[in-house]
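Asker: Input entry11.tsv, format and content: TSV, C-alpha atoms.
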```tsv
chain	number	residue	atom	x	y	z
M	1360	MET	CA	0.00	0.00	0.00
M	1361	ALA	CA	1.38	3.39	-1.02
M	1362	THR	CA	1.82	6.05	1.66
M	1363	TYR	CA	0.45	9.60	1.41
M	1364	VAL	CA	2.76	12.08	3.15
M	1365	TYR	CA	1.44	15.32	4.74
M	1366	CYS	CA	4.42	16.79	6.53
M	1367	PHE	CA	7.59	16.21	8.52
M	1368	THR	CA	7.87	17.34	12.14
M	1369	ASP	CA	10.31	16.79	14.93
M	1370	ALA	CA	9.56	13.81	17.14
M	1371	GLY	CA	8.74	16.15	20.04
M	1372	HIS	CA	5.71	17.58	18.22
M	1373	SER	CA	2.47	16.83	20.11
M	1374	LEU	CA	0.99	15.38	16.87
M	1375	PRO	CA	-2.74	15.74	17.67
M	1376	LEU	CA	-3.80	13.21	15.03
M	1377	ASP	CA	-6.79	11.55	16.69
M	1378	ASP	CA	-9.43	14.04	15.55
M	1379	LEU	CA	-8.01	14.51	12.06
M	1380	ARG	CA	-8.79	12.57	8.92
M	1381	GLY	CA	-6.70	12.36	5.79
M	1382	VAL	CA	-7.40	12.36	2.07
M	1383	GLY	CA	-9.78	9.89	0.47
M	1384	ALA	CA	-13.52	9.35	0.32
M	1385	ASP	CA	-13.76	7.86	3.80
M	1386	GLY	CA	-11.18	10.05	5.49
M	1387	THR	CA	-8.10	7.94	6.05
M	1388	VAL	CA	-6.56	7.47	9.50
M	1389	LEU	CA	-3.39	9.47	10.17
M	1390	GLN	CA	-0.27	7.93	11.58
M	1391	ALA	CA	3.18	9.14	12.58
M	1392	ILE	CA	6.31	7.41	11.32
M	1393	ARG	CA	9.18	8.25	13.65
M	1394	HIS	CA	12.86	8.01	12.88
M	1395	ASP	CA	15.97	9.64	14.26
M	1396	GLY	CA	14.30	12.52	16.14
M	1397	LEU	CA	11.93	13.27	13.27
M	1398	ALA	CA	8.38	12.23	12.45
M	1399	ALA	CA	6.44	12.00	9.19
M	1400	VAL	CA	2.65	12.35	9.30
M	1401	VAL	CA	1.15	9.92	6.79
M	1402	SER	CA	-1.95	7.96	5.84
M	1403	ASN	CA	-2.71	5.24	3.35
M	1404	ALA	CA	-2.80	6.66	-0.18
M	1405	PRO	CA	-6.28	5.98	-1.61
M	1406	GLU	CA	-6.42	4.36	-5.04
M	1407	GLY	CA	-7.05	6.85	-7.81
M	1408	LEU	CA	-6.45	9.88	-5.62
M	1409	ARG	CA	-7.23	13.13	-7.44
M	1410	PRO	CA	-7.15	16.75	-6.29
M	1411	LYS	CA	-10.79	16.96	-5.34
M	1412	ARG	CA	-12.06	19.74	-3.13
M	1413	ARG	CA	-12.59	17.25	-0.32
M	1414	ASP	CA	-8.99	16.05	-0.52
M	1415	LEU	CA	-7.49	19.53	-0.81
M	1416	ILE	CA	-9.42	20.54	2.31
M	1417	ALA	CA	-8.29	17.39	4.14
M	1418	HIS	CA	-4.64	18.06	3.22
M	1419	GLU	CA	-4.91	21.72	4.23
M	1420	THR	CA	-6.77	20.98	7.47
M	1421	VAL	CA	-4.18	18.43	8.59
M	1422	LEU	CA	-1.34	20.85	7.88
M	1423	GLU	CA	-3.04	23.88	9.46
M	1424	THR	CA	-3.85	21.91	12.60
M	1425	LEU	CA	-0.37	20.46	12.95
M	1426	SER	CA	1.41	23.72	12.13
M	1427	ALA	CA	-0.65	25.48	14.80
M	1428	ALA	CA	0.71	22.94	17.31
M	1429	GLY	CA	4.37	23.09	16.31
M	1430	SER	CA	6.88	23.37	13.51
M	1431	VAL	CA	6.15	21.41	10.34
M	1432	VAL	CA	7.68	21.01	6.89
M	1433	PRO	CA	4.60	20.77	4.64
M	1434	MET	CA	4.58	18.51	1.58
M	1435	ARG	CA	3.10	19.67	-1.69
M	1436	PHE	CA	-0.40	18.24	-2.21
M	1437	GLY	CA	-0.40	14.73	-3.59
M	1438	THR	CA	2.97	13.49	-2.38
M	1439	VAL	CA	2.93	9.70	-2.33
M	1440	ALA	CA	5.75	7.39	-1.20
M	1441	PRO	CA	5.89	3.77	-2.38
M	1442	ASP	CA	5.56	2.53	1.21
M	1443	ASP	CA	6.37	3.41	4.84
M	1444	ASN	CA	9.93	2.16	4.47
M	1445	ALA	CA	10.59	4.76	1.77
M	1446	VAL	CA	9.42	7.46	4.19
M	1447	VAL	CA	11.81	6.20	6.85
M	1448	ALA	CA	14.60	6.21	4.29
M	1449	GLU	CA	13.86	9.81	3.35
M	1450	LEU	CA	13.81	10.92	7.01
M	1451	ALA	CA	17.21	9.24	7.44
M	1452	ARG	CA	18.66	10.66	4.24
M	1453	GLY	CA	17.55	14.25	4.90
M	1454	ALA	CA	17.70	14.25	8.70
M	1455	SER	CA	20.12	17.15	9.15
M	1456	ARG	CA	18.41	19.32	6.55
M	1457	TYR	CA	14.90	18.65	7.87
M	1458	THR	CA	16.00	19.26	11.45
M	1459	GLU	CA	17.53	22.61	10.52
M	1460	LEU	CA	14.48	23.56	8.46
M	1461	LEU	CA	12.10	22.74	11.33
M	1462	THR	CA	14.23	24.86	13.65
M	1463	ARG	CA	14.23	27.82	11.29
M	1464	LEU	CA	10.49	27.64	10.66
M	1465	ALA	CA	9.59	27.20	14.35
M	1466	GLY	CA	7.53	30.07	15.70
M	1467	HIS	CA	6.75	31.40	12.23
M	1468	VAL	CA	3.65	31.29	10.04
M	1469	GLU	CA	3.01	31.97	6.38
M	1470	ARG	CA	0.72	34.87	5.52
M	1471	ASN	CA	-0.38	35.23	1.91
M	1472	VAL	CA	-1.44	38.54	0.39
M	1473	LYS	CA	-3.23	38.94	-2.91
M	1474	GLY	CA	-4.02	42.32	-4.41
M	1475	ALA	CA	-6.50	43.05	-7.19
M	1476	HIS	CA	-7.24	46.40	-8.80
M	1477	GLN	CA	-10.76	47.61	-9.38
M	1478	GLU	CA	-10.37	47.90	-13.12
M	1479	ASP	CA	-12.46	51.00	-13.78
M	1480	ALA	CA	-10.76	52.84	-10.93
M	1481	LEU	CA	-7.35	51.80	-12.23
M	1482	LEU	CA	-8.10	52.92	-15.80
M	1483	ALA	CA	-9.59	56.22	-14.62
M	1484	ASP	CA	-6.53	56.78	-12.47
M	1485	LEU	CA	-4.16	56.14	-15.37
M	1486	LEU	CA	-6.09	58.62	-17.53
M	1487	ALA	CA	-6.03	61.19	-14.74
M	1488	ASP	CA	-2.30	60.64	-14.40
M	1489	ASN	CA	-1.39	60.89	-18.11
M	1490	PRO	CA	-2.53	63.82	-20.31
M	1491	GLU	CA	-1.59	62.07	-23.55
M	1492	LEU	CA	-3.66	59.00	-22.80
M	1493	ARG	CA	-6.49	61.22	-21.65
M	1494	ALA	CA	-6.38	63.14	-24.96
M	1495	ARG	CA	-6.36	59.94	-27.02
M	1496	ASN	CA	-9.32	58.62	-25.07
M	1497	GLU	CA	-11.23	61.86	-25.66
M	1498	ALA	CA	-10.38	61.75	-29.38
M	1499	LEU	CA	-11.70	58.18	-29.69
M	1500	ARG	CA	-14.81	59.11	-27.78
M	1501	ALA	CA	-15.39	62.14	-30.04
M	1502	ALA	CA	-15.06	59.84	-33.04
M	1503	GLY	CA	-17.83	57.62	-31.73
M	1504	GLY	CA	-15.35	55.02	-30.50
M	1505	GLY	CA	-13.07	55.16	-33.54
M	1506	GLY	CA	-12.05	52.29	-35.77
M	1507	GLN	CA	-10.71	49.04	-34.44
M	1508	PRO	CA	-7.04	49.78	-35.32
M	1509	ASP	CA	-7.23	53.00	-33.31
M	1510	GLN	CA	-8.89	51.19	-30.43
M	1511	VAL	CA	-6.24	48.48	-30.43
M	1512	ALA	CA	-3.43	51.04	-30.56
M	1513	PHE	CA	-4.92	53.01	-27.67
M	1514	GLY	CA	-5.73	49.85	-25.72
M	1515	GLU	CA	-2.15	48.68	-26.10
M	1516	ARG	CA	-0.89	51.93	-24.63
M	1517	MET	CA	-3.33	51.51	-21.74
M	1518	ALA	CA	-2.17	47.91	-21.26
M	1519	LEU	CA	1.42	49.08	-21.00
M	1520	ALA	CA	0.41	51.66	-18.41
M	1521	VAL	CA	-1.58	49.02	-16.54
M	1522	GLU	CA	1.43	46.71	-16.49
M	1523	GLN	CA	3.66	49.46	-15.12
M	1524	ARG	CA	1.07	50.25	-12.45
M	1525	ARG	CA	0.75	46.58	-11.50
M	1526	THR	CA	4.50	46.41	-10.99
M	1527	ARG	CA	4.53	49.65	-8.98
M	1528	ASP	CA	1.66	48.64	-6.74
M	1529	ALA	CA	3.06	45.15	-6.15
M	1530	ALA	CA	6.33	46.70	-5.01
M	1531	TYR	CA	4.39	49.08	-2.76
M	1532	VAL	CA	2.54	46.26	-1.02
M	1533	VAL	CA	5.67	44.13	-0.61
M	1534	ALA	CA	7.76	47.02	0.69
M	1535	ALA	CA	5.16	47.87	3.33
M	1536	LEU	CA	4.92	44.32	4.69
M	1537	ARG	CA	8.50	43.12	4.21
M	1538	PRO	CA	9.77	44.73	7.45
M	1539	LEU	CA	7.38	42.48	9.39
M	1540	ALA	CA	8.63	39.28	7.77
M	1541	MET	CA	11.70	37.09	7.95
M	1542	LEU	CA	11.35	36.08	4.31
M	1543	ASP	CA	9.03	36.72	1.42
M	1544	ARG	CA	8.30	34.82	-1.75
M	1545	HIS	CA	6.29	35.61	-4.84
M	1546	ALA	CA	3.47	33.08	-5.09
M	1547	PRO	CA	2.26	31.86	-8.51
M	1548	SER	CA	0.45	34.52	-10.53
M	1549	VAL	CA	-3.29	34.20	-10.20
M	1550	LYS	CA	-6.03	35.68	-12.30
M	1551	ASP	CA	-6.73	39.41	-11.89
M	1552	CYS	CA	-4.19	39.88	-9.11
M	1553	PHE	CA	-1.35	42.38	-9.45
M	1554	VAL	CA	0.44	40.83	-6.52
M	1555	ASN	CA	0.42	37.38	-4.93
M	1556	VAL	CA	3.08	37.16	-2.26
M	1557	SER	CA	3.68	35.10	0.85
M	1558	PHE	CA	5.52	36.27	3.96
M	1559	LEU	CA	7.17	34.19	6.68
M	1560	VAL	CA	6.05	36.11	9.76
M	1561	PRO	CA	6.98	35.50	13.40
M	1562	ALA	CA	3.77	34.25	15.01
M	1563	ALA	CA	4.11	36.97	17.63
M	1564	ALA	CA	4.29	39.69	14.94
M	1565	GLN	CA	0.97	38.87	13.30
M	1566	ASP	CA	-0.85	41.75	14.97
M	1567	ASP	CA	1.73	44.17	13.58
M	1568	PHE	CA	1.37	42.52	10.18
M	1569	ASP	CA	-2.41	42.91	10.29
M	1570	ALA	CA	-2.05	46.55	11.33
M	1571	VAL	CA	0.05	47.30	8.24
M	1572	VAL	CA	-2.46	45.40	6.10
M	1573	ALA	CA	-5.16	47.68	7.50
M	1574	GLN	CA	-3.07	50.73	6.58
M	1575	LEU	CA	-2.58	49.38	3.06
M	1576	ARG	CA	-6.29	48.69	2.66
M	1577	SER	CA	-7.03	52.23	3.73
M	1578	ALA	CA	-4.49	53.65	1.29
M	1579	LEU	CA	-5.85	51.56	-1.59
M	1580	GLN	CA	-9.55	51.97	-0.81
M	1581	GLY	CA	-11.65	52.38	-3.94
M	1582	TYR	CA	-8.68	51.50	-6.13
M	1583	ALA	CA	-7.56	48.01	-5.17
M	1584	GLU	CA	-8.45	45.36	-2.63
M	1585	LEU	CA	-6.21	43.03	-0.63
M	1586	ARG	CA	-7.12	39.45	0.30
M	1587	VAL	CA	-5.05	38.10	3.18
M	1588	SER	CA	-4.83	34.45	4.21
M	1589	GLY	CA	-3.23	32.75	7.16
M	1590	PRO	CA	-1.73	31.78	9.45
M	1591	LEU	CA	-0.83	29.03	6.99
M	1592	PRO	CA	1.67	26.18	7.08
M	1593	PRO	CA	4.94	27.48	5.59
M	1594	TYR	CA	4.30	26.10	2.10
M	1595	SER	CA	6.40	28.78	0.40
M	1596	PHE	CA	9.39	28.54	2.72
M	1597	VAL	CA	10.52	24.92	2.57
M	1598	ASP	CA	13.73	26.25	0.98
M	1599	ALA	CA	14.47	28.42	4.02
M	1600	VAL	CA	17.69	26.49	4.69
M	1601	GLU	CA	19.04	26.93	1.17
M	1602	ALA	CA	18.07	30.60	1.28
M	1603	THR	CA	20.66	31.20	3.98
M	1604	VAL	CA	23.60	29.62	2.15
Z	78	MET	CA	-16.94	19.92	-8.53
Z	79	THR	CA	-16.26	23.59	-8.20
Z	80	ILE	CA	-14.03	25.54	-5.90
Z	81	MET	CA	-16.27	28.30	-4.61
Z	82	THR	CA	-15.01	31.84	-4.35
Z	83	GLN	CA	-15.35	33.05	-0.80
Z	84	PRO	CA	-14.13	36.30	0.67
Z	85	SER	CA	-11.12	35.81	2.88
Z	86	SER	CA	-11.67	36.77	6.46
Z	87	GLY	CA	-8.20	38.19	6.81
Z	88	GLY	CA	-6.69	35.58	9.02
Z	89	GLY	CA	-7.60	32.51	10.96
Z	90	GLY	CA	-10.44	31.41	8.72
Z	91	SER	CA	-11.38	27.78	8.38
Z	92	ALA	CA	-9.52	25.68	5.85
Z	93	ALA	CA	-12.67	25.16	3.84
Z	94	GLY	CA	-13.68	28.80	3.70
Z	95	ALA	CA	-10.21	30.04	2.82
Z	96	LEU	CA	-9.38	27.26	0.35
Z	97	TYR	CA	-9.91	29.30	-2.78
Z	98	ASP	CA	-7.26	31.83	-1.88
Z	99	VAL	CA	-4.59	29.29	-0.94
Z	100	ILE	CA	-5.18	26.59	-3.52
Z	101	GLU	CA	-2.19	27.55	-5.66
Z	102	LEU	CA	0.02	27.27	-2.58
Z	103	ILE	CA	-1.31	23.80	-1.78
Z	104	LEU	CA	-0.81	22.63	-5.37
Z	105	ASP	CA	2.37	24.48	-6.30
Z	106	ARG	CA	4.35	25.05	-3.10
Z	107	GLY	CA	5.39	22.78	-0.27
Z	108	LEU	CA	8.23	20.29	-0.24
Z	109	VAL	CA	8.79	18.07	-3.25
Z	110	ILE	CA	10.83	14.91	-2.72
Z	111	ASP	CA	12.31	13.49	-5.89
Z	112	VAL	CA	11.99	9.84	-4.95
Z	113	PHE	CA	8.28	10.20	-4.14
Z	114	VAL	CA	5.61	10.54	-6.80
Z	115	ARG	CA	2.88	13.15	-7.04
Z	116	VAL	CA	-0.78	12.66	-7.79
Z	117	SER	CA	-1.52	13.58	-11.39
Z	118	LEU	CA	-3.03	17.00	-11.85
Z	119	VAL	CA	-3.92	16.32	-15.48
Z	120	GLY	CA	-7.33	17.62	-16.45
Z	121	ILE	CA	-7.56	20.24	-13.76
Z	122	GLU	CA	-8.54	23.67	-15.00
Z	123	VAL	CA	-5.89	26.30	-14.93
Z	124	LEU	CA	-6.27	28.75	-12.06
Z	125	THR	CA	-2.95	30.50	-12.06
Z	126	ILE	CA	-1.80	32.34	-15.13
Z	127	ASP	CA	1.00	34.38	-16.56
Z	128	ALA	CA	-0.47	37.82	-15.97
Z	129	ARG	CA	1.70	39.37	-18.65
Z	130	VAL	CA	0.20	37.12	-21.32
Z	131	VAL	CA	-3.32	38.13	-20.33
Z	132	VAL	CA	-2.57	41.84	-20.37
Z	133	ALA	CA	-0.75	41.67	-23.71
Z	134	SER	CA	-3.61	40.46	-25.90
Z	135	ILE	CA	-5.81	42.10	-28.54
Z	136	ASP	CA	-8.90	41.23	-26.52
Z	137	THR	CA	-7.48	43.08	-23.56
Z	138	TYR	CA	-6.55	46.10	-25.68
Z	139	LEU	CA	-10.07	46.33	-27.06
Z	140	ARG	CA	-11.58	45.88	-23.62
Z	141	PHE	CA	-9.41	48.62	-22.12
Z	142	ALA	CA	-10.31	50.99	-24.98
Z	143	GLU	CA	-13.99	50.23	-24.58
Z	144	ARG	CA	-13.92	50.60	-20.79
Z	145	CYS	CA	-12.01	53.88	-21.01
Z	146	GLY	CA	-14.59	55.22	-23.47
Z	147	ARG	CA	-17.35	54.59	-20.94
Z	148	LEU	CA	-15.62	56.06	-17.90
Z	149	ASP	CA	-17.09	59.16	-16.34
Z	150	LEU	CA	-14.04	61.37	-16.11
Z	151	THR	CA	-15.81	64.57	-15.16
Z	152	GLY	CA	-14.94	66.24	-11.91
Z	153	GLY	CA	-11.19	66.52	-12.38
Z	154	ARG	CA	-10.20	63.29	-10.70
Z	155	GLN	CA	-6.79	63.32	-9.07
Z	156	PRO	CA	-4.44	60.35	-9.42
Z	157	VAL	CA	-4.19	58.06	-6.43
Z	158	GLY	CA	-1.19	58.92	-4.32
Z	159	LEU	CA	0.24	56.06	-2.32
Z	160	PRO	CA	1.26	57.22	1.15
Z	161	ALA	CA	4.51	55.94	2.58
Z	162	ILE	CA	3.61	53.11	4.93
Z	163	VAL	CA	6.97	51.49	5.46
Z	164	GLY	CA	8.20	52.08	8.96
Z	165	GLN	CA	5.18	53.81	10.40
Z	166	ILE	CA	4.38	50.87	12.59
Z	167	THR	CA	7.49	48.81	12.34
Z	168	GLU	CA	10.20	51.32	13.21
Z	169	ASP	CA	10.47	50.09	16.76
Z	170	SER	CA	9.49	46.52	16.12
Z	171	ALA	CA	11.76	44.02	17.77
Z	172	GLU	CA	11.27	41.71	14.84
Z	173	ARG	CA	12.70	44.32	12.53
Z	174	LYS	CA	15.93	44.35	14.47
Z	175	ALA	CA	15.88	40.62	15.02
Z	176	ARG	CA	15.94	39.71	11.37
Z	177	GLY	CA	19.07	37.75	10.77
Z	178	ALA	CA	21.28	36.82	7.87
Z	179	LEU	CA	18.35	34.80	6.59
Z	180	THR	CA	16.82	37.86	5.05
Z	181	GLY	CA	19.27	39.12	2.47
Z	182	ALA	CA	19.77	35.97	0.48
Z	183	GLY	CA	16.12	35.06	0.88
Z	184	ARG	CA	15.14	38.28	-0.78
Z	185	ALA	CA	17.36	37.58	-3.76
Z	186	ILE	CA	15.52	34.34	-4.30
Z	187	ALA	CA	12.19	36.03	-3.72
Z	188	GLU	CA	12.87	38.36	-6.62
Z	189	THR	CA	12.56	35.40	-8.95
Z	190	ILE	CA	8.96	35.57	-10.02
Z	191	HIS	CA	7.54	32.21	-10.96
Z	192	ASP	CA	5.27	32.32	-13.96
Z	193	ILE	CA	4.29	28.73	-13.75
Z	194	VAL	CA	1.01	27.74	-15.25
Z	195	THR	CA	-0.56	25.70	-12.52
Z	196	PRO	CA	-3.70	23.62	-12.49
Z	197	ASP	CA	-6.39	24.45	-9.99
Z	198	GLY	CA	-8.43	22.10	-7.89
Z	199	ARG	CA	-11.33	21.42	-10.18
Z	200	GLY	CA	-11.60	17.78	-10.98
```
Go ahead and express the file in the form of structure tokens.
Answerer:
Amino acid sequence: MATYVYCFTDAGHSLPLDDLRGVGADGTVLQAIRHDGLAAVVSNAPEGLRPKRRDLIAHETVLETLSAAGSVVPMRFGTVAPDDNAVVAELARGASRYTELLTRLAGHVERNVKGAHQEDALLADLLADNPELRARNEALRAAGGGGQPDQVAFGERMALAVEQRRTRDAAYVVAALRPLAMLDRHAPSVKDCFVNVSFLVPAAAQDDFDAVVAQLRSALQGYAELRVSGPLPPYSFVDAVEATV
Amino acid sequence: MTIMTQPSSGGGGSAAGALYDVIELILDRGLVIDVFVRVSLVGIEVLTIDARVVVASIDTYLRFAERCGRLDLTGGRQPVGLPAIVGQITEDSAERKARGALTGAGRAIAETIHDIVTPDGRG
């Protein structure tokens, strides 16, 4: 039977597994595989496992619960080892690295911040900011919209301005929150968001982090909105050891 | 099956409620171990995108032109000014001083923007 792996912890983690269920239609039972001062939290890997909503929630719930109780190294969703022995072998092979990583991540949480412009407000702002674009827009409007080549040419100029503004505003958000974080990482681009970034924040600094988020939201009101998630398991910071080399 | 869009509560929300906003982290971040396999994500709709590709398309140009033509620009709107926020709260933060050697090199890596096209959790 293949083994689904959720995370690695140190063997001293309280591992509150009894009330948790793993991936699969029936909610698999979680177990800890211990080796050499480390532990891997695993379950049986259901046949034909796919990233269904139910399974994504199970994976996330296990990791959120365990990371709230102590340091964890989260696996990417869908990590399956051939059997329990392979998990033991990996704990043995990577023991020093995993131990250092758990130490570095201890006491920290991931906070994810996504920012999305309100498109009309952004376009209006760019026109207010740029007389040439404003004049071209007025000329097209006076021409009843203009022909498609003119619209494309104008739209391309607007797109360039939008791209520059996305870059500027992403840097603004990151610069405001970076002082509260030990590390930050760009998260994968997602639809309609000008920034998607994760921060590794000391758990004790989360109130400060939220206070800066509130300041950002106030500054961006009517122009862009921020969506903030967490505390999350440190998905984006499993390279925190390499980052120090 | 559909991943529902739900507003994020801004911290501490349940895993289910906040799933939509962290799904790309669950699917595309976290530790990968070479000798283990990963569940196939084939057939899952794309959630994450290369934003630059979306912006740089004829459809987008036409949409921007059309939207700009409909905007009410009367009233002499002033451009949004972004107030300096850095340091207002954090100047005296112990964490700010406590940041170690971890930070510099980590930032260099963080500058590498990943434009990976990643499947989402529909399946």
Asker: Can you pull out the residues contacting Z:Leu102? Cut-off 10 Å, using all atoms listed in the file, and skip same-chain residues under 6 positions away; I want them as a list of chain:residue names.
Answerer: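 Listing them by chain and then by number gives M:Arg1435, M:Phe1436, M:Asn1471, M:Ala1546, M:Pro1547, M:Ser1557, M:Leu1591, M:Pro1592, M:Pro1593, M:Tyr1594, M:Ser1595, Z:Leu96.
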Asker: Would you put the residues from that selection into a file with C-alpha atoms, as a JSON list (two decimals), keeping the file's coordinate frame?
Answerer:
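Result saved to result.json:
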```
[["chain", "number", "residue", "atom", "x", "y", "z"],
["M", 1435, "ARG", "CA", 3.10, 19.67, -1.69],
["M", 1436, "PHE", "CA", -0.40, 18.24, -2.21],
["M", 1471, "ASN", "CA", -0.38, 35.23, 1.91],
["M", 1546, "ALA", "CA", 3.47, 33.08, -5.09],
["M", 1547, "PRO", "CA", 2.26, 31.86, -8.51],
["M", 1557, "SER", "CA", 3.68, 35.10, 0.85],
["M", 1591, "LEU", "CA", -0.83, 29.03, 6.99],
["M", 1592, "PRO", "CA", 1.67, 26.18, 7.08],
["M", 1593, "PRO", "CA", 4.94, 27.48, 5.59],
["M", 1594, "TYR", "CA", 4.30, 26.10, 2.10],
["M", 1595, "SER", "CA", 6.40, 28.78, 0.40],
["Z", 96, "LEU", "CA", -9.38, 27.26, 0.35]]
```
Asker: In terms of the shortest atom-to-atom distance over all atoms listed in the file, which of M:Leu1539, M:Phe1596, M:Arg1500, M:Ser1577 is closest to Z:Arg147?
Answerer: M:Arg1500
Asker: Please write as number ranges by chain the list of polymer residues whose atoms come within 12 Å of (-0.2, 41.7, -3.2), counting all atoms listed in the file and keeping to the coordinates of the file.
Answerer: M: 1470-1476, 1525-1537, 1543-1549, 1551-1558, 1572, 1575-1576, 1579, 1583-1588
Asker: Which is closer to chain Z than all the others in M:Thr1438, M:Glu1449, M:Ala1494, M:Ala1502, using all atoms listed in the file?
Answerer: M:Thr1438
Asker: Go through M:Gln1565, M:Thr1362, M:Asn1444, M:Thr1420 and flag the residue nearest chain Z, using only C-alpha atoms for the distances.
Answerer: M:Thr1420
Asker: Do you have the atom CA of M:Leu1464-atom CA of M:Leu1415 distance handy?
Answerer: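 Here the two named atoms are 22.8 Å from each other.
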Asker: Neighbours of Z:Val114 within 10 Å (all atoms listed in the file; same-chain residues fewer than 4 positions away dropped), as a ChimeraX atom specification?
Answerer: /M:1363,1437-1441 /Z:109-110
Asker: Go ahead and write the selection's residues with C-alpha atoms as a PDB file, keeping the file's coordinate frame.
Answerer:
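The resulting file, out25.pdb, is reproduced below:
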```pdb
ATOM      1  CA  TYR M1363       0.450   9.600   1.410  1.00  0.00           C
ATOM      2  CA  GLY M1437      -0.400  14.730  -3.590  1.00  0.00           C
ATOM      3  CA  THR M1438       2.970  13.490  -2.380  1.00  0.00           C
ATOM      4  CA  VAL M1439       2.930   9.700  -2.330  1.00  0.00           C
ATOM      5  CA  ALA M1440       5.750   7.390  -1.200  1.00  0.00           C
ATOM      6  CA  PRO M1441       5.890   3.770  -2.380  1.00  0.00           C
TER       7      PRO M1441
ATOM      8  CA  VAL Z 109       8.790  18.070  -3.250  1.00  0.00           C
ATOM      9  CA  ILE Z 110      10.830  14.910  -2.720  1.00  0.00           C
TER      10      ILE Z 110
END
```
Asker: Take atom CA of M:Gly1371 and atom CA of Z:Asp111 and report the distance between them in Å, one decimal.
Answerer: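 About the pair atom CA of M:Gly1371 and atom CA of Z:Asp111: they are 26.3 Å apart.
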Asker: Tell me, in Å to one decimal, how far atom CA of M:Ala1564 is from atom CA of M:Leu1422.
Answerer: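 These two atoms are separated by 20.9 Å.
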Asker: Would you please work out which residue, of M:Ala1518, M:Ala1404, M:Ala1451, M:Ala1573, is nearest to chain Z when using all atoms listed in the file?
Answerer: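 Result for the nearest residue to chain Z: M:Ala1518.
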Asker: Could you check the closest approach to M:Arg1463 for each of M:Ser1373, M:Asn1489, M:Ser1430, M:Gln1523 and tell me which residue wins, using only C-alpha atoms?
Answerer: M:Ser1430
Asker: Using all atoms listed in the file, determine which residues lie at most 6 Å from stretch 139-146 of chain Z, disregarding the query and same-chain residues fewer than 3 positions distant; provide the list as a PyMOL selection string.
Answerer: (chain M and resi 1500+1510-1511+1514) or (chain Z and resi 136)
Asker: Of the candidates Z:Phe113, Z:Asp149, Z:Tyr97, Z:Ala161, which shows the shortest atom-to-atom distance to chain M, using only C-alpha atoms?
Answerer: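 With only C-alpha atoms as the atom set, the closest residue is Z:Phe113.
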